[in-house]
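One file, target.pdb, carrying PDB, C-alpha atoms:
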```
MODEL        1
ATOM      1  CA  MET A   1       8.637  20.700 -35.499
ATOM      2  CA  SER A   2       7.357  22.295 -32.289
ATOM      3  CA  GLY A   3       8.853  21.221 -28.986
ATOM      4  CA  GLU A   4       5.413  20.795 -27.434
ATOM      5  CA  THR A   5       4.007  17.355 -26.853
ATOM      6  CA  MET A   6       0.552  16.605 -28.137
ATOM      7  CA  ASN A   7      -1.733  15.110 -25.518
ATOM      8  CA  PRO A   8      -2.357  11.430 -26.382
ATOM      9  CA  ASP A   9      -5.435  11.462 -24.160
ATOM     10  CA  LYS A  10      -7.194  13.909 -26.489
ATOM     11  CA  ALA A  11      -8.521  12.988 -29.913
ATOM     12  CA  LEU A  12      -7.121  14.810 -32.898
ATOM     13  CA  ASN A  13      -9.164  17.752 -34.066
ATOM     14  CA  PRO A  14      -9.898  17.155 -37.768
ATOM     15  CA  ASP A  15     -10.126  20.908 -38.365
ATOM     16  CA  GLU A  16      -6.677  21.503 -36.938
ATOM     17  CA  ALA A  17      -3.908  21.281 -39.518
ATOM     18  CA  ILE A  18      -0.996  19.169 -38.318
ATOM     19  CA  SER A  19       2.080  17.956 -40.060
ATOM     20  CA  PRO A  20       2.607  14.242 -40.838
ATOM     21  CA  GLU A  21       5.418  14.207 -38.274
ATOM     22  CA  GLU A  22       3.124  15.573 -35.555
ATOM     23  CA  GLU A  23       0.444  13.070 -36.505
ATOM     24  CA  PHE A  24       3.014  10.264 -36.292
ATOM     25  CA  GLN A  25       4.122  11.454 -32.857
ATOM     26  CA  TRP A  26       0.536  11.658 -31.658
ATOM     27  CA  LYS A  27      -0.272   8.162 -32.921
ATOM     28  CA  LEU A  28       2.917   6.859 -31.299
ATOM     29  CA  ASP A  29       1.864   8.438 -28.004
ATOM     30  CA  VAL A  30      -1.547   6.798 -28.262
ATOM     31  CA  ARG A  31       0.045   3.385 -28.887
ATOM     32  CA  ILE A  32       2.459   3.897 -25.994
ATOM     33  CA  VAL A  33      -0.396   4.763 -23.634
ATOM     34  CA  GLU A  34      -2.374   1.734 -24.850
ATOM     35  CA  ALA A  35       0.621  -0.522 -24.222
ATOM     36  CA  LEU A  36       1.203   0.952 -20.759
ATOM     37  CA  GLU A  37      -2.468   0.582 -19.841
ATOM     38  CA  THR A  38      -2.407  -3.114 -20.749
ATOM     39  CA  ARG A  39      -2.419  -4.958 -17.473
ATOM     40  CA  HIS A  40      -0.264  -7.967 -16.788
ATOM     41  CA  HIS A  41      -1.942 -10.905 -15.098
ATOM     42  CA  PRO A  42       0.849 -13.010 -13.661
ATOM     43  CA  PRO A  43      -0.398 -16.313 -12.262
ATOM     44  CA  ILE A  44      -0.736 -16.307  -8.495
ATOM     45  CA  PRO A  45       0.224 -19.657  -6.949
ATOM     46  CA  PRO A  46      -2.766 -21.277  -5.181
ATOM     47  CA  ASP A  47      -0.738 -21.754  -1.983
ATOM     48  CA  PHE A  48       0.450 -18.139  -1.855
ATOM     49  CA  ALA A  49      -1.768 -17.156   1.076
ATOM     50  CA  ALA A  50      -0.612 -20.163   3.085
ATOM     51  CA  ARG A  51       2.991 -19.345   2.247
ATOM     52  CA  VAL A  52       2.649 -15.765   3.526
ATOM     53  CA  THR A  53       0.771 -16.904   6.643
ATOM     54  CA  GLY A  54       3.517 -19.412   7.355
ATOM     55  CA  GLN A  55       6.049 -16.589   7.541
ATOM     56  CA  ILE A  56       4.119 -14.701  10.211
ATOM     57  CA  PRO A  57       5.619 -15.342  13.685
ATOM     58  CA  ALA A  58       3.355 -17.262  16.078
ATOM     59  CA  ARG A  59       1.690 -15.190  18.772
ATOM     60  CA  ARG A  60       2.278 -15.938  22.459
ATOM     61  CA  PRO A  61      -0.699 -17.566  24.234
ATOM     62  CA  VAL A  62      -2.811 -15.000  26.099
ATOM     63  CA  ARG A  63      -5.002 -17.270  28.250
ATOM     64  CA  LEU A  64      -3.012 -16.669  31.492
ATOM     65  CA  ARG A  65      -2.995 -12.913  30.899
ATOM     66  CA  ASN A  66      -6.750 -12.937  30.348
ATOM     67  CA  ALA A  67      -7.285 -14.804  33.640
ATOM     68  CA  LEU A  68      -5.170 -12.352  35.597
ATOM     69  CA  LEU A  69      -6.852  -9.329  34.094
ATOM     70  CA  ARG A  70     -10.427 -10.570  34.498
ATOM     71  CA  PRO A  71     -12.279  -8.161  36.788
ATOM     72  CA  THR A  72     -13.279  -9.743  40.144
ATOM     73  CA  HIS A  73     -14.802  -6.754  42.008
ATOM     74  CA  TYR A  74     -13.266  -8.035  45.269
ATOM     75  CA  GLY A  75     -12.305  -4.509  46.284
ATOM     76  CA  HIS A  76     -15.842  -3.252  45.672
ATOM     77  CA  TRP A  77     -17.435  -5.903  47.858
ATOM     78  CA  THR A  78     -14.819  -5.395  50.557
ATOM     79  CA  MET A  79     -15.743  -1.717  50.657
ATOM     80  CA  VAL A  80     -19.448  -2.497  50.902
ATOM     81  CA  ALA A  81     -18.772  -4.975  53.704
ATOM     82  CA  SER A  82     -16.669  -2.358  55.509
ATOM     83  CA  LEU A  83     -19.554   0.138  55.258
ATOM     84  CA  VAL A  84     -21.949  -2.367  56.779
ATOM     85  CA  VAL A  85     -19.519  -3.183  59.596
ATOM     86  CA  LEU A  86     -19.028   0.525  60.332
ATOM     87  CA  ALA A  87     -22.777   1.126  60.381
ATOM     88  CA  VAL A  88     -23.241  -1.750  62.845
ATOM     89  CA  ALA A  89     -20.347  -0.390  64.948
ATOM     90  CA  PHE A  90     -22.036   3.044  65.140
ATOM     91  CA  VAL A  91     -25.291   1.513  66.302
ATOM     92  CA  ALA A  92     -23.456  -0.549  68.952
ATOM     93  CA  MET A  93     -21.541   2.533  70.171
ATOM     94  CA  ALA A  94     -24.728   4.517  70.413
ATOM     95  CA  PHE A  95     -26.406   1.866  72.582
ATOM     96  CA  ASN A  96     -23.323   1.558  74.848
ATOM     97  CA  ASN A  97     -22.696   5.326  75.344
ATOM     98  CA  PHE A  98     -19.249   4.857  73.909
ATOM     99  CA  GLY A  99     -18.686   8.523  73.035
ATOM    100  CA  ARG A 100     -18.583   9.756  76.641
ATOM    101  CA  THR A 101     -14.863   9.118  77.123
ATOM    102  CA  ALA A 102     -12.134  10.977  75.210
ATOM    103  CA  ALA A 103     -10.878   7.797  73.603
ATOM    104  CA  GLY A 104     -14.424   6.889  72.702
ATOM    105  CA  GLN A 105     -15.002  10.273  71.030
ATOM    106  CA  ILE A 106     -11.771   9.967  69.022
ATOM    107  CA  MET A 107     -12.791   6.513  67.850
ATOM    108  CA  GLU A 108     -16.232   7.850  66.881
ATOM    109  CA  TRP A 109     -14.673  10.585  64.744
ATOM    110  CA  VAL A 110     -12.331   8.086  63.112
ATOM    111  CA  PHE A 111     -15.296   5.860  62.274
ATOM    112  CA  TYR A 112     -17.245   8.880  60.938
ATOM    113  CA  ALA A 113     -14.331   9.781  58.685
ATOM    114  CA  GLN A 114     -14.017   6.218  57.417
ATOM    115  CA  LEU A 115     -17.751   5.979  56.763
ATOM    116  CA  VAL A 116     -17.881   9.265  54.873
ATOM    117  CA  THR A 117     -14.766   8.394  52.858
ATOM    118  CA  LEU A 118     -16.128   5.003  51.881
ATOM    119  CA  ALA A 119     -19.511   6.433  50.955
ATOM    120  CA  VAL A 120     -18.015   9.185  48.820
ATOM    121  CA  TRP A 121     -15.598   6.792  47.122
ATOM    122  CA  LEU A 122     -18.330   4.287  46.296
ATOM    123  CA  GLY A 123     -20.537   7.093  45.039
ATOM    124  CA  ILE A 124     -17.784   8.355  42.756
ATOM    125  CA  ARG A 125     -17.151   4.871  41.384
ATOM    126  CA  ARG A 126     -20.827   4.418  40.623
ATOM    127  CA  MET A 127     -20.846   7.686  38.681
ATOM    128  CA  GLY A 128     -17.764   6.506  36.735
ATOM    129  CA  VAL A 129     -15.695   9.545  37.680
ATOM    130  CA  ARG A 130     -11.988   8.763  37.969
TER     131      ARG A 130
ATOM    132  CA  MET B   1      -2.719  -5.427  -8.070
ATOM    133  CA  VAL B   2       0.425  -6.282  -6.146
ATOM    134  CA  PHE B   3       1.595  -8.942  -8.582
ATOM    135  CA  SER B   4       0.822  -6.965 -11.727
ATOM    136  CA  THR B   5       2.448  -3.775 -10.409
ATOM    137  CA  LEU B   6       5.573  -5.630  -9.283
ATOM    138  CA  VAL B   7       5.933  -7.305 -12.682
ATOM    139  CA  ARG B   8       5.670  -3.928 -14.437
ATOM    140  CA  LEU B   9       8.003  -2.119 -12.081
ATOM    141  CA  THR B  10      10.692  -4.789 -12.050
ATOM    142  CA  GLY B  11      10.252  -5.813 -15.686
ATOM    143  CA  SER B  12      10.474  -9.456 -14.790
ATOM    144  CA  ARG B  13       8.385 -12.289 -13.413
ATOM    145  CA  GLU B  14      11.476 -13.593 -11.734
ATOM    146  CA  HIS B  15      11.144 -13.642  -7.951
ATOM    147  CA  VAL B  16       7.772 -11.840  -8.192
ATOM    148  CA  GLU B  17       6.254 -14.304  -5.689
ATOM    149  CA  ASP B  18       9.026 -13.589  -3.202
ATOM    150  CA  LEU B  19       8.599  -9.863  -3.722
ATOM    151  CA  ALA B  20       4.825 -10.083  -3.290
ATOM    152  CA  GLN B  21       5.327 -12.107  -0.124
ATOM    153  CA  GLU B  22       7.655  -9.390   1.171
ATOM    154  CA  VAL B  23       5.008  -6.756   0.406
ATOM    155  CA  PHE B  24       2.310  -8.549   2.393
ATOM    156  CA  LEU B  25       4.633  -9.306   5.309
ATOM    157  CA  ARG B  26       5.668  -5.647   5.503
ATOM    158  CA  LEU B  27       2.017  -4.636   5.418
ATOM    159  CA  TYR B  28       1.202  -7.057   8.225
ATOM    160  CA  ARG B  29       4.057  -5.721  10.386
ATOM    161  CA  ALA B  30       3.122  -2.103   9.697
ATOM    162  CA  LEU B  31      -0.623  -2.457  10.322
ATOM    163  CA  PRO B  32      -0.481  -1.941  14.134
ATOM    164  CA  GLY B  33       1.070   1.473  13.489
ATOM    165  CA  PHE B  34      -1.395   2.397  10.746
ATOM    166  CA  ARG B  35      -3.542   5.251  11.984
ATOM    167  CA  GLY B  36      -5.707   5.783   8.908
ATOM    168  CA  GLU B  37      -4.092   9.071   7.887
ATOM    169  CA  ALA B  38      -3.942   7.804   4.309
ATOM    170  CA  LEU B  39      -5.936   5.201   2.408
ATOM    171  CA  LEU B  40      -4.797   1.634   2.928
ATOM    172  CA  SER B  41      -4.318   1.361  -0.848
ATOM    173  CA  THR B  42      -1.889   4.309  -0.762
ATOM    174  CA  TYR B  43       0.020   2.566   2.023
ATOM    175  CA  LEU B  44       0.092  -0.652   0.021
ATOM    176  CA  TYR B  45       1.327   1.090  -3.149
ATOM    177  CA  ARG B  46       4.080   2.729  -1.121
ATOM    178  CA  ILE B  47       5.228  -0.656   0.134
ATOM    179  CA  VAL B  48       5.082  -2.113  -3.402
ATOM    180  CA  VAL B  49       7.221   0.743  -4.750
ATOM    181  CA  ASN B  50       9.749   0.367  -1.915
ATOM    182  CA  VAL B  51      10.038  -3.381  -2.441
ATOM    183  CA  ALA B  52      10.477  -2.833  -6.194
ATOM    184  CA  GLN B  53      13.178  -0.233  -5.530
ATOM    185  CA  ASN B  54      15.043  -2.646  -3.261
ATOM    186  CA  GLU B  55      14.852  -5.236  -6.023
ATOM    187  CA  TRP B  56      16.331  -2.761  -8.536
ATOM    188  CA  LYS B  57      19.193  -2.025  -6.157
ATOM    189  CA  ARG B  58      19.791  -5.720  -5.614
ATOM    190  CA  ARG B  59      19.892  -6.337  -9.370
ATOM    191  CA  LYS B  60      22.299  -3.488  -9.891
ATOM    192  CA  ARG B  61      24.624  -5.069  -7.363
ATOM    193  CA  VAL B  62      24.301  -8.459  -9.021
ATOM    194  CA  ALA B  63      24.469  -6.751 -12.454
ATOM    195  CA  ARG B  64      22.279  -9.219 -14.179
ATOM    196  CA  SER B  65      20.299  -8.400 -17.304
ATOM    197  CA  THR B  66      16.543  -8.359 -16.784
ATOM    198  CA  VAL B  67      14.631 -11.381 -17.911
ATOM    199  CA  SER B  68      11.920 -10.613 -20.359
ATOM    200  CA  ILE B  69       8.433 -10.569 -18.978
ATOM    201  CA  SER B  70       7.469 -12.549 -22.014
ATOM    202  CA  ASP B  71       7.875 -16.190 -21.169
ATOM    203  CA  GLU B  72       6.470 -19.399 -22.543
ATOM    204  CA  VAL B  73       4.556 -20.285 -19.398
ATOM    205  CA  SER B  74       2.490 -17.142 -19.049
ATOM    206  CA  GLY B  75       1.277 -16.722 -22.620
ATOM    207  CA  TRP B  76       1.362 -13.004 -22.013
ATOM    208  CA  GLU B  77       1.376 -12.217 -25.705
ATOM    209  CA  ASP B  78      -1.677 -14.400 -26.302
ATOM    210  CA  ARG B  79      -3.692 -12.483 -23.745
ATOM    211  CA  LEU B  80      -2.985  -9.257 -25.585
ATOM    212  CA  GLU B  81      -4.446 -10.557 -28.816
ATOM    213  CA  HIS B  82      -6.396  -8.038 -30.800
ATOM    214  CA  PRO B  83      -9.286  -9.848 -32.426
ATOM    215  CA  GLY B  84      -9.401  -7.336 -35.255
ATOM    216  CA  LEU B  85      -5.783  -7.738 -36.378
ATOM    217  CA  ASN B  86      -4.282 -10.275 -38.729
ATOM    218  CA  ALA B  87      -1.209 -12.348 -37.847
ATOM    219  CA  GLU B  88       1.306  -9.850 -39.193
ATOM    220  CA  GLN B  89      -0.328  -6.910 -37.452
ATOM    221  CA  GLN B  90      -0.562  -8.955 -34.265
ATOM    222  CA  LEU B  91       3.144  -9.757 -34.450
ATOM    223  CA  SER B  92       3.927  -6.102 -35.040
ATOM    224  CA  GLU B  93       1.710  -5.101 -32.115
ATOM    225  CA  ASN B  94       3.402  -7.644 -29.835
ATOM    226  CA  GLU B  95       6.824  -6.454 -30.898
ATOM    227  CA  PHE B  96       5.787  -2.887 -30.161
ATOM    228  CA  LYS B  97       4.561  -3.845 -26.690
ATOM    229  CA  LEU B  98       7.853  -5.621 -25.983
ATOM    230  CA  ASP B  99       9.690  -2.502 -27.133
ATOM    231  CA  VAL B 100       7.550  -0.430 -24.774
ATOM    232  CA  GLU B 101       8.469  -2.710 -21.871
ATOM    233  CA  GLU B 102      12.139  -2.466 -22.797
ATOM    234  CA  GLN B 103      12.003   1.323 -22.946
ATOM    235  CA  LEU B 104      10.119   1.368 -19.644
ATOM    236  CA  GLN B 105      12.991  -0.466 -17.971
ATOM    237  CA  ARG B 106      15.443   2.092 -19.340
ATOM    238  CA  LEU B 107      13.705   4.948 -17.558
ATOM    239  CA  SER B 108      14.755   6.111 -14.114
ATOM    240  CA  GLN B 109      13.081   4.437 -11.114
ATOM    241  CA  VAL B 110      10.861   7.419 -10.410
ATOM    242  CA  GLU B 111       9.770   7.938 -14.019
ATOM    243  CA  ARG B 112       8.957   4.246 -14.409
ATOM    244  CA  THR B 113       7.003   4.210 -11.144
ATOM    245  CA  VAL B 114       4.991   7.291 -12.098
ATOM    246  CA  LEU B 115       4.140   5.902 -15.537
ATOM    247  CA  VAL B 116       3.059   2.531 -14.134
ATOM    248  CA  LEU B 117       0.983   4.039 -11.351
ATOM    249  CA  TYR B 118      -0.652   6.539 -13.724
ATOM    250  CA  HIS B 119      -1.375   4.338 -16.724
ATOM    251  CA  GLN B 120      -1.606   0.770 -15.478
ATOM    252  CA  GLU B 121      -2.930   1.399 -11.980
ATOM    253  CA  GLU B 122      -4.985   4.466 -13.035
ATOM    254  CA  ARG B 123      -3.996   6.488  -9.992
ATOM    255  CA  THR B 124      -4.571  10.241 -10.026
ATOM    256  CA  TYR B 125      -1.762  12.780  -9.721
ATOM    257  CA  GLU B 126      -2.753  13.409  -6.114
ATOM    258  CA  GLN B 127      -2.666   9.709  -5.239
ATOM    259  CA  ILE B 128       0.711   9.229  -6.915
ATOM    260  CA  ALA B 129       2.056  12.283  -5.108
ATOM    261  CA  GLU B 130       0.885  10.800  -1.823
ATOM    262  CA  VAL B 131       2.408   7.387  -2.541
ATOM    263  CA  LEU B 132       5.773   8.809  -3.584
ATOM    264  CA  ARG B 133       5.688  11.691  -1.102
ATOM    265  CA  MET B 134       6.429  14.360  -3.684
ATOM    266  CA  PRO B 135       4.622  17.462  -4.971
ATOM    267  CA  ILE B 136       1.997  17.028  -7.694
ATOM    268  CA  GLY B 137       4.007  19.250 -10.034
ATOM    269  CA  THR B 138       6.990  16.909  -9.720
ATOM    270  CA  VAL B 139       4.748  13.940 -10.544
ATOM    271  CA  ARG B 140       3.554  15.676 -13.713
ATOM    272  CA  THR B 141       7.140  16.499 -14.675
ATOM    273  CA  HIS B 142       8.265  12.887 -14.259
ATOM    274  CA  LEU B 143       5.255  11.673 -16.240
ATOM    275  CA  HIS B 144       5.981  14.077 -19.061
ATOM    276  CA  ARG B 145       9.699  13.244 -19.103
ATOM    277  CA  GLY B 146       9.033   9.521 -18.960
ATOM    278  CA  ARG B 147       6.638   9.670 -21.903
ATOM    279  CA  LYS B 148       9.079  11.802 -23.869
ATOM    280  CA  LYS B 149      11.992   9.427 -23.263
ATOM    281  CA  MET B 150       9.852   6.439 -24.237
ATOM    282  CA  ARG B 151       8.709   8.166 -27.411
ATOM    283  CA  GLU B 152      12.290   9.009 -28.372
ATOM    284  CA  GLY B 153      13.524   5.513 -27.534
ATOM    285  CA  LEU B 154      10.777   3.833 -29.533
ATOM    286  CA  ALA B 155      11.205   6.178 -32.471
ATOM    287  CA  SER B 156      14.926   5.449 -32.638
ATOM    288  CA  ALA B 157      14.272   1.696 -32.245
ATOM    289  CA  ALA B 158      11.799   1.860 -35.144
ATOM    290  CA  ARG B 159      14.313   3.791 -37.247
ATOM    291  CA  GLY B 160      16.952   1.190 -36.450
ATOM    292  CA  ARG B 161      14.673  -1.613 -37.628
ATOM    293  CA  ARG B 162      13.862   0.197 -40.860
ATOM    294  CA  THR B 163      17.566   0.715 -41.548
ATOM    295  CA  ALA B 164      18.276  -2.959 -40.840
ATOM    296  CA  CYS B 165      15.514  -3.996 -43.271
ATOM    297  CA  LEU B 166      16.905  -1.722 -45.976
ATOM    298  CA  VAL B 167      20.413  -3.093 -45.448
ATOM    299  CA  LYS B 168      19.106  -6.678 -45.761
ATOM    300  CA  GLN B 169      17.384  -5.816 -49.036
TER     301      GLN B 169
ENDMDL
END
```
Target format structure tokens, applied to this file:
Amino acid sequence: MSGETMNPDKALNPDEAISPEEEFQWKLDVRIVEALETRHHPPIPPDFAARVTGQIPARRPVRLRNALLRPTHYGHWTMVASLVVLAVAFVAMAFNNFGRTAAGQIMEWVFYAQLVTLAVWLGIRRMGVR
Amino acid sequence: MVFSTLVRLTGSREHVEDLAQEVFLRLYRALPGFRGEALLSTYLYRIVVNVAQNEWKRRKRVARSTVSISDEVSGWEDRLEHPGLNAEQQLSENEFKLDVEEQLQRLSQVERTVLVLYHQEERTYEQIAEVLRMPIGTVRTHLHRGRKKMREGLASAARGRRTACLVKQ
């Protein structure tokens, strides 16, 4: 008898001569495959899902975390208010000739720098660039 | 799928609910880390195989004999009824299927797993290789060896029965 195994997934070729022993082995293989392919259907208890869910640890409440993380935009509005205040301050300085003294000029440049910085920062935020 | 595969791999309906519960709990815990590199079914099969392997190890430690998957409550044999067979043929067919289950439990863990995943679960070689994390060639080898061992075991069991019948006569 040959050492090769006949493939139980292929039908026997009627034109191919095989010994009774080989035919027996092939039929045995077919029966084995049939038995292995038979599915078991064990009964699943109706409360199985509830039982598994009951084993899952309870999650911590997230309401407080959600409140703390809710966006308020306070910083944004503070920046806008600061821009308005700076603009008003520039107009007031212009009417009062504030830039004539050295201290006045320094303050003007500081206000310019703050105005430009705020404007650029707000512009970047609006574009969504980080 | 989970229940039927566990029953086949462990050869027993004993504790299958506990094992299935363990499978789903492990899946739940592992889901946050699941990145979709494999199919979820592959992931699930892997967990089923691991849980079954742990059960085998536990049984080895306890050294209990496996309980037959044929029990009065399930009526497993009735569901396998062949409408075309008479009572004697049906009995013979049922006995053969029980022999197959017995031989399946005598195989090594890997061979049994490959046979169950290939035949019962109809997974491809590639899917089985992914579940068990081994090369496809190794999967084929285990499948071939498993079938060969089952064939030899069943053939010798059949010969033993024939001899016993002759002795009785």
### Task
Evaluate the PyMOL selection byres ((chain A) within 6 of (chain B)) here and jot the selected residues down as a list in words.
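For this structure, the PyMOL selection byres ((chain A) within 6 of (chain B)) resolves to Ala35, Leu36, Glu37, His40, His41 and Val52 of chain A.
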### Task
Write out as a VMD selection string each polymer residue whose atoms come within 9 Å of A:Leu118, counting only C-alpha atoms; drop sequence neighbours fewer than 4 positions from it.
chain A and resid 79 to 80 82 to 83 113 to 114 122 to 123
#### Entry: Contact residues around B:Thr141 with only C-alpha atoms at 12 Å, ignoring same-chain residues under 2 positions, as a ChimeraX atom specification
/B:110-111,114-115,125,129,134-139,143-148
How about saving the chosen residues, C-alpha atoms kept, as a PDB file, in the frame of the given file?
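Final output, saved to out-v5.pdb:
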```
ATOM      1  CA  VAL B 110      10.861   7.419 -10.410  1.00  0.00           C
ATOM      2  CA  GLU B 111       9.770   7.938 -14.019  1.00  0.00           C
ATOM      3  CA  VAL B 114       4.991   7.291 -12.098  1.00  0.00           C
ATOM      4  CA  LEU B 115       4.140   5.902 -15.537  1.00  0.00           C
ATOM      5  CA  TYR B 125      -1.762  12.780  -9.721  1.00  0.00           C
ATOM      6  CA  ALA B 129       2.056  12.283  -5.108  1.00  0.00           C
ATOM      7  CA  MET B 134       6.429  14.360  -3.684  1.00  0.00           C
ATOM      8  CA  PRO B 135       4.622  17.462  -4.971  1.00  0.00           C
ATOM      9  CA  ILE B 136       1.997  17.028  -7.694  1.00  0.00           C
ATOM     10  CA  GLY B 137       4.007  19.250 -10.034  1.00  0.00           C
ATOM     11  CA  THR B 138       6.990  16.909  -9.720  1.00  0.00           C
ATOM     12  CA  VAL B 139       4.748  13.940 -10.544  1.00  0.00           C
ATOM     13  CA  LEU B 143       5.255  11.673 -16.240  1.00  0.00           C
ATOM     14  CA  HIS B 144       5.981  14.077 -19.061  1.00  0.00           C
ATOM     15  CA  ARG B 145       9.699  13.244 -19.103  1.00  0.00           C
ATOM     16  CA  GLY B 146       9.033   9.521 -18.960  1.00  0.00           C
ATOM     17  CA  ARG B 147       6.638   9.670 -21.903  1.00  0.00           C
ATOM     18  CA  LYS B 148       9.079  11.802 -23.869  1.00  0.00           C
TER      19      LYS B 148
END
```
### Task
Provide the atom CA of A:Pro45 to atom CA of B:Glu55 distance in Å, to one decimal place.
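These two atoms are separated by 20.6 Å.
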### Query
Which of these residues is nearest to B:Arg59, using only C-alpha atoms: B:Arg26, B:Arg35, B:Arg46, B:His15?
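Ranked by minimum distance to B:Arg59, first place goes to B:His15.
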With all atoms of stretch 53-58 of chain A from the file as input, state the centre and edge lengths in Å to one decimal of the axis-aligned box that has 6 Å extra on each side, as JSON.
```
{"center_x": 3.4, "center_y": -17.1, "center_z": 11.4, "size_x": 17.3, "size_y": 16.7, "size_z": 21.4}
```
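Take atom CA of B:His142 and atom CA of B:Thr124: the distance between them is 13.8 Å.
Among B:Gln127, B:Ser156, B:Asn50, B:Gln105, the residue with the shortest atom-to-atom distance to B:Ala38, counting all atoms listed in the file, is B:Gln127.
Using all atoms listed in the file, the nearest neighbour of B:Leu19 within the list B:Leu39, B:Leu31, B:Gln53, B:Thr113 is B:Gln53.
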### Query
When you draw a straight line from atom CA of A:Glu108 to atom CA of A:Leu86, how long is it in Å?
10.2 Å
